[in-house]
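final-v3.cif follows (mmCIF, C-alpha atoms):
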data_my_file
#
loop_
_atom_site.label_atom_id
_atom_site.label_comp_id
_atom_site.auth_asym_id
_atom_site.auth_seq_id
_atom_site.Cartn_x
_atom_site.Cartn_y
_atom_site.Cartn_z
CA MET X 1 25.38 15.22 -28.60
CA ALA X 2 28.88 14.24 -27.64
CA THR X 3 29.34 10.67 -26.47
CA ASP X 4 32.16 8.74 -24.83
CA GLY X 5 33.07 5.46 -26.50
CA PRO X 6 31.80 3.68 -29.59
CA VAL X 7 28.17 3.94 -30.72
CA VAL X 8 25.89 1.47 -32.45
CA GLN X 9 22.78 2.61 -34.33
CA VAL X 10 19.95 0.17 -35.04
CA ARG X 11 16.39 0.03 -36.28
CA GLY X 12 13.82 -1.92 -34.28
CA GLU X 13 10.65 -3.20 -35.92
CA ALA X 14 7.47 -5.00 -34.91
CA TYR X 15 4.68 -6.46 -37.04
CA ARG X 16 1.45 -7.90 -35.66
CA GLU X 17 -1.86 -9.13 -37.03
CA VAL X 18 -4.66 -8.65 -34.52
CA PRO X 19 -8.45 -9.08 -34.61
CA PRO X 20 -10.42 -5.92 -35.49
CA GLU X 21 -12.26 -4.07 -32.76
CA LEU X 22 -14.70 -2.04 -34.88
CA ALA X 23 -16.72 -2.56 -38.05
CA ARG X 24 -18.22 0.30 -40.02
CA PHE X 25 -20.72 0.20 -42.83
CA ALA X 26 -22.79 2.74 -44.76
CA VAL X 27 -26.55 2.71 -45.31
CA THR X 28 -27.91 4.87 -48.12
CA ALA X 29 -31.62 5.49 -48.64
CA THR X 30 -32.65 6.86 -52.05
CA ALA X 31 -35.78 8.23 -53.70
CA ARG X 32 -36.75 9.44 -57.18
CA ASP X 33 -39.90 11.07 -58.48
CA ARG X 34 -40.97 13.67 -60.99
CA ASP X 35 -42.30 15.80 -58.14
CA ARG X 36 -39.80 17.31 -55.74
CA GLU X 37 -42.06 17.15 -52.71
CA ALA X 38 -42.88 13.52 -53.40
CA THR X 39 -39.16 12.73 -53.63
CA LEU X 40 -38.45 14.40 -50.31
CA THR X 41 -41.39 12.65 -48.65
CA ARG X 42 -40.29 9.22 -49.84
CA LEU X 43 -36.71 9.91 -48.84
CA ALA X 44 -37.78 10.96 -45.33
CA GLU X 45 -39.95 7.84 -44.97
CA ARG X 46 -37.14 5.51 -46.06
CA ALA X 47 -34.60 7.24 -43.84
CA ALA X 48 -37.04 6.91 -40.93
CA ALA X 49 -37.40 3.18 -41.62
CA VAL X 50 -33.63 2.84 -41.44
CA ARG X 51 -33.61 4.70 -38.10
CA VAL X 52 -36.27 2.39 -36.70
CA LEU X 53 -34.20 -0.68 -37.55
CA LEU X 54 -31.08 0.85 -36.04
CA ASP X 55 -33.02 1.89 -32.92
CA GLY X 56 -34.14 -1.70 -32.50
CA SER X 57 -30.66 -3.15 -32.83
CA GLY X 58 -29.88 -2.58 -29.16
CA PRO X 59 -26.22 -2.56 -28.08
CA THR X 60 -25.09 -3.98 -31.44
CA VAL X 61 -24.75 -0.41 -32.80
CA ALA X 62 -22.14 1.58 -30.91
CA ARG X 63 -22.45 4.74 -32.97
CA ARG X 64 -24.22 6.14 -36.02
CA GLU X 65 -23.69 9.34 -37.95
CA THR X 66 -25.91 10.78 -40.65
CA GLY X 67 -24.33 12.77 -43.44
CA ASP X 68 -24.09 13.22 -47.19
CA LEU X 69 -27.68 14.34 -47.81
CA ARG X 70 -28.19 14.97 -51.51
CA VAL X 71 -31.16 16.30 -53.45
CA ARG X 72 -30.61 17.07 -57.12
CA PRO X 73 -32.70 17.67 -60.23
CA GLU X 74 -32.50 15.51 -63.34
CA THR X 75 -32.69 17.57 -66.52
CA ARG X 76 -32.89 16.80 -70.19
CA ARG X 77 -29.69 16.79 -72.17
CA SER X 78 -30.69 20.03 -73.83
CA GLY X 79 -32.07 22.84 -71.72
CA GLU X 80 -32.85 23.11 -68.03
CA ARG X 81 -36.22 21.42 -67.90
CA VAL X 82 -36.42 19.23 -64.79
CA VAL X 83 -37.81 15.76 -65.52
CA ALA X 84 -37.22 14.17 -62.11
CA TRP X 85 -35.74 14.70 -58.67
CA HIS X 86 -33.22 12.42 -56.96
CA GLY X 87 -32.62 12.29 -53.23
CA SER X 88 -30.30 10.25 -51.01
CA VAL X 89 -29.12 10.24 -47.41
CA THR X 90 -26.28 8.13 -45.99
CA THR X 91 -25.81 6.94 -42.43
CA THR X 92 -22.49 5.52 -41.24
CA VAL X 93 -22.90 2.82 -38.60
CA THR X 94 -20.20 1.63 -36.18
CA VAL X 95 -20.58 -1.83 -34.66
CA THR X 96 -18.54 -3.52 -31.92
CA ASP X 97 -20.58 -6.74 -31.67
CA PHE X 98 -19.75 -8.72 -34.80
CA THR X 99 -22.07 -11.64 -34.03
CA ALA X 100 -25.15 -9.75 -35.26
CA LEU X 101 -23.39 -7.65 -37.93
CA GLY X 102 -24.34 -9.74 -40.97
CA GLU X 103 -27.96 -10.04 -39.89
CA LEU X 104 -28.26 -6.30 -39.28
CA MET X 105 -26.76 -5.42 -42.65
CA LEU X 106 -29.11 -7.78 -44.49
CA ARG X 107 -32.16 -6.46 -42.62
CA LEU X 108 -31.23 -2.94 -43.66
CA ALA X 109 -30.53 -4.00 -47.24
CA ASP X 110 -33.98 -5.61 -47.40
CA GLN X 111 -35.63 -2.19 -47.11
CA ASP X 112 -37.05 -0.56 -50.23
CA GLN X 113 -34.50 1.55 -52.15
CA VAL X 114 -31.74 1.11 -49.56
CA GLU X 115 -28.12 0.24 -50.29
CA VAL X 116 -25.69 -1.11 -47.71
CA ALA X 117 -21.91 -1.02 -48.28
CA GLY X 118 -19.15 -2.43 -46.09
CA PRO X 119 -18.00 -3.51 -43.64
CA TRP X 120 -14.72 -1.72 -43.06
CA TRP X 121 -12.78 -3.35 -40.24
CA GLU X 122 -10.72 -1.19 -37.90
CA LEU X 123 -8.94 -0.92 -34.58
CA ARG X 124 -9.80 1.72 -32.02
CA PRO X 125 -7.40 4.72 -32.13
CA ASP X 126 -6.41 3.96 -28.52
CA SER X 127 -6.19 0.19 -29.03
CA PRO X 128 -3.61 -1.53 -26.79
CA ALA X 129 -2.33 -3.23 -29.95
CA HIS X 130 -0.56 0.00 -31.00
CA ARG X 131 1.23 0.34 -27.66
CA GLU X 132 2.21 -3.33 -27.65
CA ALA X 133 3.70 -2.98 -31.13
CA ARG X 134 5.75 0.06 -30.08
CA HIS X 135 7.05 -1.78 -27.03
CA ALA X 136 7.97 -4.76 -29.21
CA ALA X 137 9.84 -2.48 -31.64
CA ILE X 138 11.89 -1.03 -28.78
CA GLY X 139 12.67 -4.52 -27.56
CA ASP X 140 13.76 -5.50 -31.06
CA ALA X 141 16.08 -2.49 -31.25
CA LEU X 142 17.68 -3.36 -27.93
CA LEU X 143 18.11 -7.01 -28.97
CA ARG X 144 19.80 -5.99 -32.22
CA ALA X 145 22.12 -3.59 -30.42
CA ARG X 146 23.14 -6.33 -28.00
CA GLU X 147 23.76 -8.77 -30.86
CA TYR X 148 26.03 -6.27 -32.61
CA ALA X 149 27.86 -5.52 -29.38
CA GLU X 150 28.32 -9.22 -28.58
CA ALA X 151 29.73 -9.81 -32.07
CA LEU X 152 32.40 -7.25 -31.18
CA GLY X 153 33.08 -8.67 -27.75
CA ALA X 154 31.38 -5.68 -26.16
CA ARG X 155 28.17 -4.87 -24.30
CA VAL X 156 25.52 -2.17 -24.50
CA THR X 157 26.12 0.47 -21.83
CA ALA X 158 23.62 3.29 -22.40
CA LEU X 159 20.83 4.63 -24.62
CA ILE X 160 21.66 7.85 -26.43
CA GLU X 161 18.63 8.42 -28.61
CA LEU X 162 15.28 6.78 -29.41
CA ALA X 163 12.97 8.02 -32.16
CA ASP X 164 9.83 6.88 -33.94
CA ALA X 165 10.61 5.68 -37.45
CA GLY X 166 7.58 3.69 -38.57
CA PRO X 167 4.83 4.59 -41.02
CA ALA X 168 1.31 5.19 -39.77
CA ASP X 169 -0.86 2.10 -39.53
CA ARG X 170 -3.15 1.53 -42.47
CA PRO X 171 -6.58 0.14 -41.61
CA MET X 172 -7.54 -2.95 -43.57
CA PHE X 173 -10.99 -3.09 -45.07
CA ALA X 174 -13.29 -5.26 -47.06
CA ARG X 175 -16.30 -4.01 -48.96
CA ALA X 176 -19.52 -5.58 -50.12
CA ALA X 177 -22.66 -3.91 -51.39
CA PHE X 178 -26.27 -4.94 -50.91
CA ALA X 179 -29.10 -3.27 -52.78
CA GLY X 180 -32.44 -3.48 -51.06
CA GLY X 181 -35.60 -4.40 -52.86
CA GLY X 182 -37.99 -5.69 -50.25
CA ALA X 183 -37.81 -9.27 -51.44
CA GLY X 184 -40.12 -11.72 -49.71
CA GLY X 185 -39.36 -15.07 -48.13
CA GLY X 186 -37.52 -16.03 -44.98
CA ALA X 187 -34.78 -13.92 -43.48
CA PRO X 188 -31.46 -14.64 -45.22
CA GLU X 189 -28.31 -15.33 -43.25
CA LEU X 190 -24.87 -13.86 -43.84
CA GLU X 191 -21.78 -14.87 -41.90
CA LEU X 192 -18.92 -12.38 -42.04
CA ASP X 193 -15.28 -13.15 -41.28
CA PRO X 194 -13.56 -10.21 -39.56
CA GLN X 195 -10.39 -9.24 -41.39
CA PRO X 196 -7.22 -9.19 -39.26
CA GLN X 197 -5.67 -5.76 -38.87
CA THR X 198 -1.99 -5.08 -39.47
CA VAL X 199 -0.20 -3.15 -36.73
CA GLN X 200 3.36 -1.98 -37.41
CA ALA X 201 5.88 0.02 -35.42
CA ALA X 202 9.50 0.97 -36.01
CA VAL X 203 12.08 2.94 -34.03
CA GLN X 204 15.60 4.23 -34.59
CA ALA X 205 17.89 3.89 -31.58
CA ARG X 206 21.49 4.76 -30.75
CA PHE X 207 23.39 3.06 -27.95
CA THR X 208 26.86 3.41 -26.53
CA ILE X 209 28.79 0.17 -26.14
CA SER X 210 31.91 -0.81 -24.24
CA ASP X 211 35.23 -0.94 -26.04
CA PRO X 212 35.11 -3.77 -28.59
CA VAL X 213 37.57 -6.64 -28.60
CA LEU X 214 38.89 -6.75 -32.17
CA ASP X 215 41.68 -9.30 -31.80
#
So that I can check it, write out the structure of this file as structure tokens.
Amino acid sequence: MATDGPVVQVRGEAYREVPPELARFAVTATARDRDREATLTRLAERAAAVRVLLDGSGPTVARRETGDLRVRPETRRSGERVVAWHGSVTTTVTVTDFTALGELMLRLADQDQVEVAGPWWELRPDSPAHREARHAAIGDALLRAREYAEALGARVTALIELADAGPADRPMFARAAFAGGGAGGGAPELELDPQPQTVQAAVQARFTISDPVLD
């Protein structure tokens, strides 16, 4: 694109740390027995117990997705003789209310042959934090262009080009694992500290400026 007058090119950046909006964790129920049908029955019962707890959690659970169902035979090192069957099913749980998150995870982990892993902290894909960071990056680019122009005794006159230049945001996460065993006693307490999420944005911008004063 042809332009009249001098041009300044700058990079605008913005960096923010904001509270997470979502927490995800995984719940895996497992079973093992020499008999395949017994393994499947136990696995179904344990998965159902997990569903009952999640059903009773009320609005704490925003979403849950069941996947990664595995049933496999265990064989001897030599030959194909099956000595046992292993089964597992994993449910991914999304929570927006963090006040009851630790309690829910511990209640699930207290079930027989259940493992809980997480949480992974995230922002929503449409979180306002992303838009605010992009706006701040544009403002930073304009401020830099004006500073360069002022150093030359000039002023910014027009925007020629504006383009995204930042890397995609990387969600921050923390992971803990709890293996259930049905231990007795009072209900344990676990307080979790949500991990701040990093939001970054960067733009490349080109501006025309008035004739500089170089004397």
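Counting all atoms listed in the file, the residue from X:Arg155, X:Arg70, X:Arg16, X:Arg36 that sits nearest to Leu142 (chain X) is X:Arg155.
Proximity to Pro19 (chain X) was assessed for X:Arg124, X:Pro212, X:Ala145, X:Glu150 counting only C-alpha atoms; the smallest distance is recorded for X:Arg124.
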Evaluate the PyMOL selection byres ((chain X and resi 191) around 10) and record the selected residues as a PDB file with C-alpha atoms, in the coordinates of the input, following the chain and residue labels used in the document.
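That gives us expr.pdb:
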ATOM      1  CA  PHE X  98     -19.750  -8.720 -34.800  1.00  0.00           C
ATOM      2  CA  THR X  99     -22.070 -11.640 -34.030  1.00  0.00           C
ATOM      3  CA  ALA X 100     -25.150  -9.750 -35.260  1.00  0.00           C
ATOM      4  CA  LEU X 101     -23.390  -7.650 -37.930  1.00  0.00           C
ATOM      5  CA  GLY X 102     -24.340  -9.740 -40.970  1.00  0.00           C
ATOM      6  CA  GLU X 103     -27.960 -10.040 -39.890  1.00  0.00           C
ATOM      7  CA  GLU X 189     -28.310 -15.330 -43.250  1.00  0.00           C
ATOM      8  CA  LEU X 190     -24.870 -13.860 -43.840  1.00  0.00           C
ATOM      9  CA  LEU X 192     -18.920 -12.380 -42.040  1.00  0.00           C
ATOM     10  CA  ASP X 193     -15.280 -13.150 -41.280  1.00  0.00           C
ATOM     11  CA  PRO X 194     -13.560 -10.210 -39.560  1.00  0.00           C
TER      12      PRO X 194
END
Using only C-alpha atoms, determine which residues lie at most 7 Å from Thr157 (chain X), disregarding the query and same-chain residues fewer than 6 positions distant; provide the list as an MDAnalysis selection string.
chainID X and resid 208:210
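Run against this file, the PyMOL selection byres ((chain X and resi 50) around 10) gives back Val27, Thr28, Ala29, Ala44, Glu45, Arg46, Ala47, Ala48, Ala49, Arg51, Val52, Leu53, Leu54, Asp55, Thr91, Arg107, Leu108, Ala109, Gln111 and Val114 of chain X.
The residue set within 7 Å of Thr60 (chain X), counting all atoms listed in the file and dropping same-chain residues fewer than 5 places from it, reads X:Val95, X:Thr96, X:Asp97, X:Ala100.
Ranking X:Ser57, X:Gln195, X:Thr75, X:Gln204 by their shortest atom-to-atom distance to Ala137 (chain X), with all atoms listed in the file included, puts X:Gln204 first.
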Apply the PyMOL selection byres ((chain X and resi 160-162) around 7) to the file shown and report the selected residues as a PDB file with C-alpha atoms, in the coordinates of the input.
ATOM      1  CA  ALA X 158      23.620   3.290 -22.400  1.00  0.00           C
ATOM      2  CA  LEU X 159      20.830   4.630 -24.620  1.00  0.00           C
ATOM      3  CA  ALA X 163      12.970   8.020 -32.160  1.00  0.00           C
ATOM      4  CA  VAL X 203      12.080   2.940 -34.030  1.00  0.00           C
ATOM      5  CA  GLN X 204      15.600   4.230 -34.590  1.00  0.00           C
ATOM      6  CA  ALA X 205      17.890   3.890 -31.580  1.00  0.00           C
ATOM      7  CA  ARG X 206      21.490   4.760 -30.750  1.00  0.00           C
ATOM      8  CA  PHE X 207      23.390   3.060 -27.950  1.00  0.00           C
ATOM      9  CA  THR X 208      26.860   3.410 -26.530  1.00  0.00           C
TER      10      THR X 208
END
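The nearest approach to Val10 (chain X) among the residues X:Val213, X:Ala141, X:Ala154, X:Val82, with all atoms listed in the file taken into account, belongs to X:Ala141.
We find CA of Thr94 (chain X) and CA of Asp68 (chain X) to be spaced 16.5 Å apart.
Picture a line from CA of Gln197 (chain X) to CA of Val18 (chain X); it runs 5.3 Å.
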Pairwise distance for CA of Val199 (chain X) and CA of Leu123 (chain X), rounded to one decimal in Å:
9.3 Å
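Nearest residue to Glu132 (chain X) among X:Arg72, X:Val61, X:Val89, X:Gln200 is X:Gln200, counting only C-alpha atoms.
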Write out as JSON, numbers by chain the residues lying within 8 Å of Asp140 (chain X), counting only C-alpha atoms and excluding same-chain residues fewer than 2 positions away.
{"X": [12, 13, 14, 136, 137, 138, 142, 143, 144]}
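Closest to Trp121 (chain X) among X:Arg81, X:Arg32, X:His86, X:Arg24 is X:Arg24, based on all atoms listed in the file.
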Within 7 Å of Leu43 (chain X), counting only C-alpha atoms, which residues show up once you throw out same-chain ones fewer than 5 positions away? Write them as a PDB file with C-alpha atoms, keeping the file's coordinate frame, please.
ATOM      1  CA  ALA X  29     -31.620   5.490 -48.640  1.00  0.00           C
ATOM      2  CA  THR X  30     -32.650   6.860 -52.050  1.00  0.00           C
ATOM      3  CA  ALA X  31     -35.780   8.230 -53.700  1.00  0.00           C
ATOM      4  CA  GLY X  87     -32.620  12.290 -53.230  1.00  0.00           C
ATOM      5  CA  SER X  88     -30.300  10.250 -51.010  1.00  0.00           C
TER       6      SER X  88
END
